[in-house]
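Student: Quick one: this structure, given as structure tokens, is what I'll be asking you about.
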Amino acid sequence: MEIRKIDDQTSLQIKYCRFICIFFMCIVHIPPGLGAVDSMPSYLQAINVFLADILGRASVTALSFISGFLIVHNYANNDNSNYQKWLNVVVNRLKSLIVPMVFWNGAIIVIGFGILAATGVSIQVIDDLEGLDAFQIVFLRLLGFFNGSSSESLNFLHDIFACAFLSPILIWLAKRISWLLVVLLLLIDNTITFQPVVTRGIILVFFGLGIVYCYRFNDFKPIHNIKWLTLALSVAVLVREYWLAFNGVDIFDVPGYQTIKRFAVSAVAIYAAYLLTQTRFNHWIGKLDKSTYFIFLAHNVFFILTWGAWQLFFGKDLEFPYIVYFFIVTPAWFVIAILSHQIIAYLPAFLQILITGKPRNSVKKHAIESIKKPA
């Protein structure tokens, strides 16, 4: 199938979906989490199940699917040889994924040592270094092999890079066996393992699904057409998760349930992003999307610092004051990060790559272009 250029509608939908998914991927990493609340009331338990076990997990697979979808376009829009196409993809992903991952994993370790020196308190990030030599720290804590990143959520970047590295094989298979590629990936994930290349096999499964889907459909309209099915499945997932959480009984214990759950909720997220494209906020999402990746990269550093400050002022009790912190810290971080991201344009290009994976257009360049632009 010929791969057409992504249309404006699909591009806008991807931006909304990315923003939604990053929000829920951030909120599930707030320390120490709603699940740690003392004598947690049932309404908080319900919220925790909804955020962590449903939306948080599905956000990972939705972004994996979109990454697979987009990488097909990366290859299709490149006129170089197949090897050069792959090399360009790997180099670009190395710069945009691995470099900032290493930077922020390193930053959180430095902050952990700073907290230890200032207060004498060792946080989990420092405890996780115990018994590791220099090579293991680099291999596990900085590069994220075996799900070992110091900043837990950044393990996702390691896995997406590994998927991109394997993309020529996945694309070659997708062109020849189509949907059977997804079946093959599921079989491997459930019977063997993708480690240490890909730590969480489900990410590779949905990345492959995104590749196959792109070759078959090239936009998200077919997902919209099954919205009632995916909504019904999502409701079933919700019932099952709540029943298990509150009654300890699994009423939907079927093979492949976790994959079904992630597929259904991911599809609903993509459709919800489409509904948002029909609103009046479209002129904002383009601006916000520029900060979304930075929000994801730095959120754990912000959470550790604010959680430490919160404990100094309000104590370590995990009761009502903590609940306030839990619900305000992610929206607050989004606002602060979006504003802070504007400052990055003033930094040298190499620092921008370290912090965000790609340089923004410099302020100086914008100023020169505005002067040159005719009135």
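Here's how to read the names in the structure tokens: chain A, B, ... by the order shown, residue numbers from 1 in each chain, ligand numbers from 1 in the order shown.
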Would you kindly return, as a count of residues only, each protein, DNA or RNA residue with an atom no farther than 10 Å from any atom of Phe24 in chain A, considering only C-alpha atoms and excluding same-chain residues fewer than 2 positions away?
Tutor: 18
Student: Within 7 Å of Phe252 in chain A, counting only C-alpha atoms, which residues qualify if same-chain residues fewer than 2 places away don't, as a ChimeraX atom specification?
Tutor: /A:240,250,254
Student: Determine the nearest neighbour of Pro222 in chain A from the options A:Ala267, A:Gly35, A:Ser81, A:Leu186, counting only C-alpha atoms.
Tutor: A:Ala267
Student: Could you tell me which of A:Leu87, A:Ile3, A:Leu140, A:Val249 comes closest to His73 in chain A if we count only C-alpha atoms?
Tutor: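 Comparing A:Leu87, A:Ile3, A:Leu140, A:Val249 against His73 in chain A, the winner is A:Ile3.
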Student: Would you give me, as JSON lines, each residue of range 48-140 of chain A having an atom within 6 Å of an atom of range 151-169 of chain A, along with its shortest atom pair and that distance in Å to one decimal, using only C-alpha atoms and sorting by chain and residue number?
Tutor:
```
{"residue": "A:Val90", "atom": "CA", "partner": "A:Phe165", "partner_atom": "CA", "distance": 5.9}
{"residue": "A:Leu97", "atom": "CA", "partner": "A:Leu157", "partner_atom": "CA", "distance": 5.7}
{"residue": "A:Asn105", "atom": "CA", "partner": "A:Ser151", "partner_atom": "CA", "distance": 5.5}
```
Student: Just to confirm, what's the straight-line distance from CA of Ser340 in chain A to CA of His299 in chain A in Å (one decimal)?
Tutor: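 Computing the Euclidean distance for CA of Ser340 in chain A and CA of His299 in chain A yields 12.4 Å.
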Student: Residues near Ile177 in chain A, anyone? I mean within 12 Å using only C-alpha atoms, not counting same-chain ones fewer than 5 positions away, as a VMD selection string.
Tutor: chain A and resid 169 to 172 182 to 184 208 211 to 212 215 to 216
Student: Include C-alpha atoms and write out the residues we just selected as a CSV table (one decimal), in the first residue's frame.
Tutor:
```
chain,number,residue,atom,x,y,z
A,169,ILE,CA,12.8,-6.3,10.3
A,170,LEU,CA,9.4,-5.4,11.5
A,171,ILE,CA,8.6,-3.5,8.4
A,172,TRP,CA,9.9,-6.3,6.1
A,182,VAL,CA,1.2,-9.0,15.6
A,183,VAL,CA,0.3,-12.6,16.3
A,184,LEU,CA,4.0,-13.6,16.1
A,208,GLY,CA,4.5,-3.7,15.5
A,211,ILE,CA,3.5,-0.5,11.7
A,212,VAL,CA,1.0,-3.1,10.3
A,215,TYR,CA,0.4,-0.1,5.9
A,216,ARG,CA,-3.2,-1.2,6.0
```
Student: Residues at most 12 Å from Ile111 in chain A, counting only C-alpha atoms, excluding those fewer than 6 positions away in the same chain, as a PDB file with C-alpha atoms, in the first residue's frame?
Tutor:
```pdb
ATOM      1  CA  TRP A 104      17.749  12.824  33.129  1.00  0.00           C
ATOM      2  CA  ASN A 105      18.635   9.459  34.688  1.00  0.00           C
ATOM      3  CA  ALA A 117      24.412  15.134  51.570  1.00  0.00           C
ATOM      4  CA  ALA A 118      22.020  17.857  52.709  1.00  0.00           C
ATOM      5  CA  THR A 119      19.646  15.841  54.886  1.00  0.00           C
ATOM      6  CA  VAL A 121      18.233  10.788  54.005  1.00  0.00           C
ATOM      7  CA  SER A 122      18.831   8.214  51.278  1.00  0.00           C
ATOM      8  CA  ILE A 123      16.029   8.069  48.713  1.00  0.00           C
ATOM      9  CA  GLN A 124      15.182   5.032  46.575  1.00  0.00           C
ATOM     10  CA  VAL A 125      17.271   6.245  43.642  1.00  0.00           C
ATOM     11  CA  ILE A 126      20.423   6.052  45.790  1.00  0.00           C
ATOM     12  CA  SER A 150      16.933   5.479  37.777  1.00  0.00           C
ATOM     13  CA  SER A 151      13.911   7.388  36.538  1.00  0.00           C
ATOM     14  CA  ASN A 300      10.378  12.552  37.936  1.00  0.00           C
ATOM     15  CA  VAL A 301      12.984  15.157  38.907  1.00  0.00           C
ATOM     16  CA  PHE A 302      10.228  17.675  39.636  1.00  0.00           C
ATOM     17  CA  PHE A 303       8.218  15.107  41.596  1.00  0.00           C
ATOM     18  CA  ILE A 304      11.182  14.106  43.790  1.00  0.00           C
ATOM     19  CA  LEU A 305      12.024  17.730  44.585  1.00  0.00           C
ATOM     20  CA  GLY A 308      10.827  16.290  49.450  1.00  0.00           C
TER      21      GLY A 308
END
```
Student: So that I can check the surroundings of Gln258 in chain A, please list as a ChimeraX atom specification every protein, DNA and RNA residue that reaches within 12 Å of it, counting only C-alpha atoms and ignoring chain neighbours fewer than 2 positions away.
Tutor: /A:53-54,57-58,61,186,190,202,233-234,237,240-241,252-256,260-266
Student: Mind listing the helix (DSSP H, G or I) residues of range 14-132 of chain A, per DSSP on the backbone, as a PyMOL selection string?
Tutor: chain A and resi 14-27+34-36+42-76+82-119+124-127
Student: Here is a test: counting only C-alpha atoms, which residue of A:Ile285, A:Ile323, A:Leu94, A:Leu351 is nearest to Tyr16 in chain A?
Tutor: A:Ile285
Student: Just checking: using only C-alpha atoms, which residue out of A:Asp7, A:Phe135, A:Lys15, A:Phe146 ends up closest to Phe281 in chain A?
Tutor: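 Among A:Asp7, A:Phe135, A:Lys15, A:Phe146, it is A:Lys15 that comes nearest to Phe281 in chain A.
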Student: Residues within 12 Å of range 318-320 of chain A, please, as a compact mmCIF listing (two decimals) with C-alpha atoms, in the first residue's frame. Count only C-alpha atoms; anything in the same chain fewer than 2 positions from it doesn't count.
Tutor:
```txt
# COMPACT_ATOMS: atom_id res chain seq x y z
CA PRO A 31 5.83 9.40 44.81
CA PRO A 32 4.88 7.36 46.74
CA GLY A 33 1.52 6.97 44.96
CA LEU A 34 -2.13 6.75 45.99
CA GLY A 35 -1.67 3.06 46.76
CA ALA A 36 0.54 4.03 49.72
CA VAL A 37 -2.11 6.20 51.41
CA ASP A 38 -2.82 5.11 54.98
CA SER A 39 -6.28 3.58 55.48
CA MET A 40 -7.16 4.44 51.89
CA PRO A 41 -10.92 5.06 51.53
CA LEU A 44 -9.41 6.73 46.47
CA TRP A 307 7.74 15.60 47.35
CA TRP A 310 6.20 18.79 50.83
CA GLN A 311 7.50 16.47 53.55
CA PHE A 314 3.66 19.04 55.90
CA GLY A 315 5.35 15.90 57.20
CA LYS A 316 5.43 12.35 55.90
CA TYR A 322 -0.76 14.10 50.75
CA ILE A 323 -3.94 13.60 48.73
CA VAL A 324 -3.92 17.33 47.99
CA TYR A 325 -0.31 17.07 46.83
CA PHE A 326 -1.10 14.07 44.63
CA PHE A 327 -3.86 15.81 42.71
```
Student: Looking at only C-alpha atoms, which of A:Leu288, A:Ile109, A:Leu173, A:Leu116 is the one that sits closest to Leu129 in chain A?
Tutor: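 Residue with the minimum atom-to-atom distance to Leu129 in chain A: A:Ile109.
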Student: One decimal, Å: what's the distance from CA of Lys95 in chain A over to CA of Leu354 in chain A, could you say?
Tutor: 8.4 Å
